[in-house]
Amino acid sequence: MIYLVGMGPGDPDYITDKAKKIIEKADRVYAFPHHLRQMAIPEEKGESIQGALTELPGKLAAMDDSLTLAVLVSGDPLIFSLSRRFTGTLPREKYRIIPGIGSAQVFSAYLGLQSPLPRQISVHGRELSNILPALDSKESIILYTDETNNPDEVARFIKEHSPVNWHMVIGRNISRKDEEIIETDVEGLCGGPPRDNWGLNLVFLETIES
């Protein structure tokens, strides 16, 4: 059985006991290097998936069904996750998903948001135009960004495509020791100096009506 295991947003305290038990009993563990180090996976038991994502589902599906295989996934495997590579290609009886706590849950709790939470949209490796429907409807959203489509670029895009200002709360490295929460707006971010080290972030956006 292949287990897709949610590892939470970064703080080890957010890894569930269920996830730890699956990892402990697994015959093989497949993960990015930082998760192999975090869980102290022995070299003979673990394998890095860095640069090997495309072939990973087929490779694991071809292995002996009696083996317990754990694939460690950042955050929650149900949210913009590499688990889609498995769920989109493998029969359901080949895998199980072990949900995790996502960074958006922790971020939303910090903001004091209540269910139903704002719609989550990813521009991580995707087009910024994905947010156009939300801009047109003035809908509050939580945005997953990356180094290219970073908060500076998001602010510039919004300024170009929306007639109103937007409140922005940026969550960097959510739950980690170097966590940073930046509260600003589109006008303020566009007017300040750009940063060159944004990395991966979450951005909460809501309109500021004039």
# chains A, B, ... in the order shown; residues from 1 in each chain; ligands from 1
>>> closest_atom_pairs(of="stretch 2-69 of chain A", to="stretch 171-182 of chain A", cutoff="10 Å", atoms="only C-alpha atoms", output="CSV")
residue,atom,partner,partner_atom,distance
A:Gly8,CA,A:Ser175,CA,9.2
A:Pro9,CA,A:Ser175,CA,6.4
A:Gly10,CA,A:Arg176,CA,5.8
A:Asp11,CA,A:Ser175,CA,5.4
A:Pro12,CA,A:Arg176,CA,9.0
A:Asp13,CA,A:Ser175,CA,9.4
A:Tyr14,CA,A:Ser175,CA,8.7
>>> residues_around(residues="A:Pro151", least_positions_apart="3", cutoff="10 Å", atoms="only C-alpha atoms", output="PyMOL selection string")
chain A and resi 143-148+154-157+168-170+186+189-190+194-195+198-203
>>> write_last_selection(atoms="N, CA and C atoms", output="compact mmCIF listing (two decimals), in the first residue's frame")
# COMPACT_ATOMS: atom_id res chain seq x y z
N LEU A 143 -4.05 33.05 -1.09
CA LEU A 143 -3.25 32.81 -2.29
C LEU A 143 -1.94 32.13 -1.94
N TYR A 144 -1.61 31.06 -2.66
CA TYR A 144 -0.32 30.39 -2.54
C TYR A 144 0.60 30.98 -3.60
N THR A 145 1.73 31.55 -3.18
CA THR A 145 2.64 32.20 -4.12
C THR A 145 3.98 31.46 -4.16
N ASP A 146 4.85 31.91 -5.06
CA ASP A 146 6.19 31.34 -5.13
C ASP A 146 7.20 32.44 -5.38
N GLU A 147 8.43 32.07 -5.66
CA GLU A 147 9.51 33.05 -5.83
C GLU A 147 9.26 33.96 -7.02
N THR A 148 8.66 33.43 -8.09
CA THR A 148 8.38 34.23 -9.28
C THR A 148 7.09 35.03 -9.11
N VAL A 154 2.23 39.97 -7.27
CA VAL A 154 0.78 39.90 -7.06
C VAL A 154 0.20 41.30 -6.88
N ALA A 155 0.87 42.13 -6.08
CA ALA A 155 0.39 43.49 -5.85
C ALA A 155 0.36 44.29 -7.15
N ARG A 156 1.42 44.16 -7.95
CA ARG A 156 1.46 44.88 -9.23
C ARG A 156 0.34 44.41 -10.16
N PHE A 157 0.11 43.10 -10.17
CA PHE A 157 -0.94 42.54 -11.03
C PHE A 157 -2.31 43.06 -10.59
N MET A 168 -3.69 43.26 2.26
CA MET A 168 -2.86 42.07 2.09
C MET A 168 -2.23 41.68 3.43
N VAL A 169 -2.37 40.41 3.79
CA VAL A 169 -1.61 39.87 4.92
C VAL A 169 -0.77 38.73 4.35
N ILE A 170 0.54 38.88 4.49
CA ILE A 170 1.48 37.91 3.91
C ILE A 170 2.04 37.05 5.03
N VAL A 186 -2.16 46.71 -1.28
CA VAL A 186 -1.58 46.71 -2.62
C VAL A 186 -0.85 48.02 -2.89
N LEU A 189 2.48 48.08 -0.90
CA LEU A 189 3.51 47.15 -1.39
C LEU A 189 4.07 47.62 -2.73
N CYS A 190 3.19 48.15 -3.59
CA CYS A 190 3.67 48.66 -4.88
C CYS A 190 4.56 49.88 -4.70
N PRO A 194 11.09 46.43 -3.80
CA PRO A 194 10.83 45.00 -3.96
C PRO A 194 11.80 44.16 -3.14
N ARG A 195 11.36 42.97 -2.71
CA ARG A 195 12.22 42.04 -2.00
C ARG A 195 12.73 41.00 -2.98
N TRP A 198 11.53 36.33 -1.37
CA TRP A 198 10.19 36.01 -0.90
C TRP A 198 10.00 34.51 -0.63
N GLY A 199 10.47 33.68 -1.52
CA GLY A 199 10.26 32.24 -1.36
C GLY A 199 8.79 31.89 -1.51
N LEU A 200 8.33 30.86 -0.76
CA LEU A 200 6.93 30.44 -0.81
C LEU A 200 6.16 31.13 0.31
N ASN A 201 4.98 31.66 -0.02
CA ASN A 201 4.20 32.41 0.96
C ASN A 201 2.72 32.13 0.79
N LEU A 202 1.97 32.51 1.83
CA LEU A 202 0.53 32.61 1.73
C LEU A 202 0.15 34.09 1.81
N VAL A 203 -0.85 34.48 1.03
CA VAL A 203 -1.30 35.87 1.05
C VAL A 203 -2.82 35.89 1.19
>>> closest_residue(among="A:Phe86, A:Tyr3, A:Tyr95, A:Trp166", to="A:Leu72", atoms="only C-alpha atoms")
A:Tyr3
>>> residues_around(residues="stretch 98-115 of chain A", least_positions_apart="2", cutoff="6 Å", atoms="only C-alpha atoms", output="PyMOL selection string")
chain A and resi 4-9+75-76+117
>>> write_last_selection(atoms="all heavy atoms", output="mmCIF file, in the first residue's frame")
data_model
loop_
_atom_site.group_PDB
_atom_site.id
_atom_site.type_symbol
_atom_site.label_atom_id
_atom_site.label_comp_id
_atom_site.auth_asym_id
_atom_site.auth_seq_id
_atom_site.Cartn_x
_atom_site.Cartn_y
_atom_site.Cartn_z
ATOM 1 N N LEU A 4 0.146 8.407 1.265
ATOM 2 C CA LEU A 4 0.523 9.792 1.019
ATOM 3 C C LEU A 4 0.305 10.536 2.326
ATOM 4 O O LEU A 4 -0.831 10.766 2.744
ATOM 5 C CB LEU A 4 -0.325 10.383 -0.106
ATOM 6 C CG LEU A 4 -0.315 9.566 -1.404
ATOM 7 C CD1 LEU A 4 -1.323 10.106 -2.394
ATOM 8 C CD2 LEU A 4 1.075 9.533 -2.002
ATOM 9 N N VAL A 5 1.399 10.884 2.981
ATOM 10 C CA VAL A 5 1.363 11.313 4.377
ATOM 11 C C VAL A 5 1.567 12.826 4.491
ATOM 12 O O VAL A 5 2.612 13.351 4.103
ATOM 13 C CB VAL A 5 2.453 10.578 5.194
ATOM 14 C CG1 VAL A 5 2.392 10.993 6.657
ATOM 15 C CG2 VAL A 5 2.303 9.063 5.056
ATOM 16 N N GLY A 6 0.579 13.520 5.055
ATOM 17 C CA GLY A 6 0.688 14.955 5.280
ATOM 18 C C GLY A 6 1.645 15.261 6.415
ATOM 19 O O GLY A 6 1.503 14.717 7.515
ATOM 20 N N MET A 7 2.602 16.158 6.159
ATOM 21 C CA MET A 7 3.650 16.472 7.129
ATOM 22 C C MET A 7 3.449 17.818 7.823
ATOM 23 O O MET A 7 4.315 18.269 8.567
ATOM 24 C CB MET A 7 5.009 16.450 6.434
ATOM 25 C CG MET A 7 5.418 15.081 5.915
ATOM 26 S SD MET A 7 5.674 13.904 7.257
ATOM 27 C CE MET A 7 7.194 14.543 7.960
ATOM 28 N N GLY A 8 2.320 18.466 7.582
ATOM 29 C CA GLY A 8 2.080 19.740 8.232
ATOM 30 C C GLY A 8 2.881 20.872 7.609
ATOM 31 O O GLY A 8 3.654 20.670 6.671
ATOM 32 N N PRO A 9 2.730 22.077 8.137
ATOM 33 C CA PRO A 9 3.325 23.259 7.513
ATOM 34 C C PRO A 9 4.800 23.487 7.803
ATOM 35 O O PRO A 9 5.409 24.384 7.221
ATOM 36 C CB PRO A 9 2.492 24.401 8.096
ATOM 37 C CG PRO A 9 2.077 23.891 9.436
ATOM 38 C CD PRO A 9 1.856 22.424 9.266
ATOM 39 N N GLY A 75 2.522 19.922 4.221
ATOM 40 C CA GLY A 75 1.186 20.431 4.497
ATOM 41 C C GLY A 75 0.138 19.346 4.490
ATOM 42 O O GLY A 75 0.303 18.271 5.075
ATOM 43 N N ASP A 76 -0.959 19.609 3.798
ATOM 44 C CA ASP A 76 -2.079 18.693 3.671
ATOM 45 C C ASP A 76 -2.075 18.120 2.258
ATOM 46 O O ASP A 76 -2.127 18.881 1.287
ATOM 47 C CB ASP A 76 -3.387 19.444 3.941
ATOM 48 C CG ASP A 76 -4.602 18.538 3.952
ATOM 49 O OD1 ASP A 76 -4.499 17.381 3.502
ATOM 50 O OD2 ASP A 76 -5.666 18.981 4.409
ATOM 51 N N LEU A 117 -13.959 29.126 5.069
ATOM 52 C CA LEU A 117 -12.758 29.917 4.844
ATOM 53 C C LEU A 117 -12.751 30.465 3.422
ATOM 54 O O LEU A 117 -13.414 29.928 2.528
ATOM 55 C CB LEU A 117 -11.514 29.055 5.071
ATOM 56 C CG LEU A 117 -11.288 28.552 6.497
ATOM 57 C CD1 LEU A 117 -10.074 27.638 6.542
ATOM 58 C CD2 LEU A 117 -11.129 29.704 7.476
#
>>> closest_residue(among="A:Ile208, A:Val73, A:Ala61, A:Ile2", to="A:Glu139", atoms="only C-alpha atoms")
A:Ile208
>>> residues_around(residues="A:Ser48", least_positions_apart="6", cutoff="7 Å", atoms="only C-alpha atoms", output="ChimeraX atom specification")
/A:30-33
>>> atom_distance(atom1="atom CA of A:Ser81", atom2="atom CA of A:Ser66")
25.6 Å
>>> closest_residue(among="A:Ser162, A:Leu90, A:Ala26, A:Pro57", to="A:Pro42", atoms="only C-alpha atoms")
A:Ala26
>>> select_by_dssp(residues="chain A", states="alpha helix (DSSP H)", output="MDAnalysis selection string")
chainID A and resid 17:25 33:38 56:61 84:87 103:111 132:137 151:161 186:191
>>> write_last_selection(atoms="C-alpha atoms", output="PDB file, in the first residue's frame")
ATOM      1  CA  ASP A  17       0.476  10.784  15.511  1.00  0.00           C
ATOM      2  CA  LYS A  18      -1.178   8.886  12.650  1.00  0.00           C
ATOM      3  CA  ALA A  19       1.437  10.215  10.223  1.00  0.00           C
ATOM      4  CA  LYS A  20       4.287   9.263  12.575  1.00  0.00           C
ATOM      5  CA  LYS A  21       2.948   5.704  12.954  1.00  0.00           C
ATOM      6  CA  ILE A  22       2.678   5.226   9.176  1.00  0.00           C
ATOM      7  CA  ILE A  23       6.228   6.492   8.677  1.00  0.00           C
ATOM      8  CA  GLU A  24       7.565   4.270  11.452  1.00  0.00           C
ATOM      9  CA  LYS A  25       5.996   1.087  10.062  1.00  0.00           C
ATOM     10  CA  PRO A  33      15.581  15.669   1.631  1.00  0.00           C
ATOM     11  CA  HIS A  34      14.399  18.028   4.383  1.00  0.00           C
ATOM     12  CA  HIS A  35      11.635  15.611   5.409  1.00  0.00           C
ATOM     13  CA  LEU A  36      14.025  12.649   5.394  1.00  0.00           C
ATOM     14  CA  ARG A  37      16.296  14.626   7.711  1.00  0.00           C
ATOM     15  CA  GLN A  38      13.436  15.867   9.870  1.00  0.00           C
ATOM     16  CA  LEU A  56       7.251   8.309  -8.906  1.00  0.00           C
ATOM     17  CA  PRO A  57       3.602   7.082  -9.020  1.00  0.00           C
ATOM     18  CA  GLY A  58       4.336   4.437 -11.647  1.00  0.00           C
ATOM     19  CA  LYS A  59       7.514   3.350  -9.901  1.00  0.00           C
ATOM     20  CA  LEU A  60       5.799   2.806  -6.566  1.00  0.00           C
ATOM     21  CA  ALA A  61       2.708   1.202  -8.115  1.00  0.00           C
ATOM     22  CA  ARG A  84      -2.490  14.699  -7.367  1.00  0.00           C
ATOM     23  CA  ARG A  85       0.095  12.785  -9.371  1.00  0.00           C
ATOM     24  CA  PHE A  86      -1.049   9.634  -7.584  1.00  0.00           C
ATOM     25  CA  THR A  87      -4.790  10.241  -7.373  1.00  0.00           C
ATOM     26  CA  SER A 103      -0.319  26.057   6.240  1.00  0.00           C
ATOM     27  CA  ALA A 104      -3.568  27.770   5.213  1.00  0.00           C
ATOM     28  CA  GLN A 105      -5.289  26.341   8.305  1.00  0.00           C
ATOM     29  CA  VAL A 106      -2.582  27.733  10.599  1.00  0.00           C
ATOM     30  CA  PHE A 107      -2.563  31.053   8.737  1.00  0.00           C
ATOM     31  CA  SER A 108      -6.369  31.311   8.876  1.00  0.00           C
ATOM     32  CA  ALA A 109      -6.305  30.621  12.615  1.00  0.00           C
ATOM     33  CA  TYR A 110      -3.761  33.415  13.047  1.00  0.00           C
ATOM     34  CA  LEU A 111      -6.111  35.756  11.162  1.00  0.00           C
ATOM     35  CA  LEU A 132      -8.823  37.473 -12.153  1.00  0.00           C
ATOM     36  CA  PRO A 133     -12.288  36.010 -11.336  1.00  0.00           C
ATOM     37  CA  ALA A 134     -11.745  36.807  -7.641  1.00  0.00           C
ATOM     38  CA  LEU A 135     -10.621  40.345  -8.479  1.00  0.00           C
ATOM     39  CA  ASP A 136     -13.690  40.891 -10.643  1.00  0.00           C
ATOM     40  CA  SER A 137     -16.040  39.629  -7.914  1.00  0.00           C
ATOM     41  CA  PRO A 151       3.691  39.191  -3.230  1.00  0.00           C
ATOM     42  CA  ASP A 152       5.353  42.103  -5.059  1.00  0.00           C
ATOM     43  CA  GLU A 153       4.231  40.696  -8.421  1.00  0.00           C
ATOM     44  CA  VAL A 154       0.782  39.899  -7.055  1.00  0.00           C
ATOM     45  CA  ALA A 155       0.386  43.492  -5.852  1.00  0.00           C
ATOM     46  CA  ARG A 156       1.459  44.880  -9.226  1.00  0.00           C
ATOM     47  CA  PHE A 157      -0.938  42.544 -11.025  1.00  0.00           C
ATOM     48  CA  ILE A 158      -3.846  43.544  -8.779  1.00  0.00           C
ATOM     49  CA  LYS A 159      -3.110  47.253  -9.188  1.00  0.00           C
ATOM     50  CA  GLU A 160      -3.190  46.790 -12.959  1.00  0.00           C
ATOM     51  CA  HIS A 161      -6.401  44.744 -13.044  1.00  0.00           C
ATOM     52  CA  VAL A 186      -1.583  46.714  -2.621  1.00  0.00           C
ATOM     53  CA  GLU A 187      -0.824  50.427  -2.776  1.00  0.00           C
ATOM     54  CA  GLY A 188       1.731  50.187   0.021  1.00  0.00           C
ATOM     55  CA  LEU A 189       3.511  47.149  -1.392  1.00  0.00           C
ATOM     56  CA  CYS A 190       3.667  48.657  -4.877  1.00  0.00           C
ATOM     57  CA  GLY A 191       5.122  51.839  -3.411  1.00  0.00           C
TER      58      GLY A 191
END
>>> select_by_dssp(residues="stretch 14-43 of chain A", states="strand (DSSP E or B)", output="list of chain:residue names")
A:Arg28, A:Val29, A:Tyr30, A:Ala31
>>> residues_around(residues="A:Thr207", least_positions_apart="2", cutoff="8 Å", atoms="only C-alpha atoms", output="VMD selection string")
chain A and resid 138 to 140 164 to 167 205 209
>>> atom_distance(atom1="atom CA of A:Asn149", atom2="atom CA of A:Val123")
6.5 Å
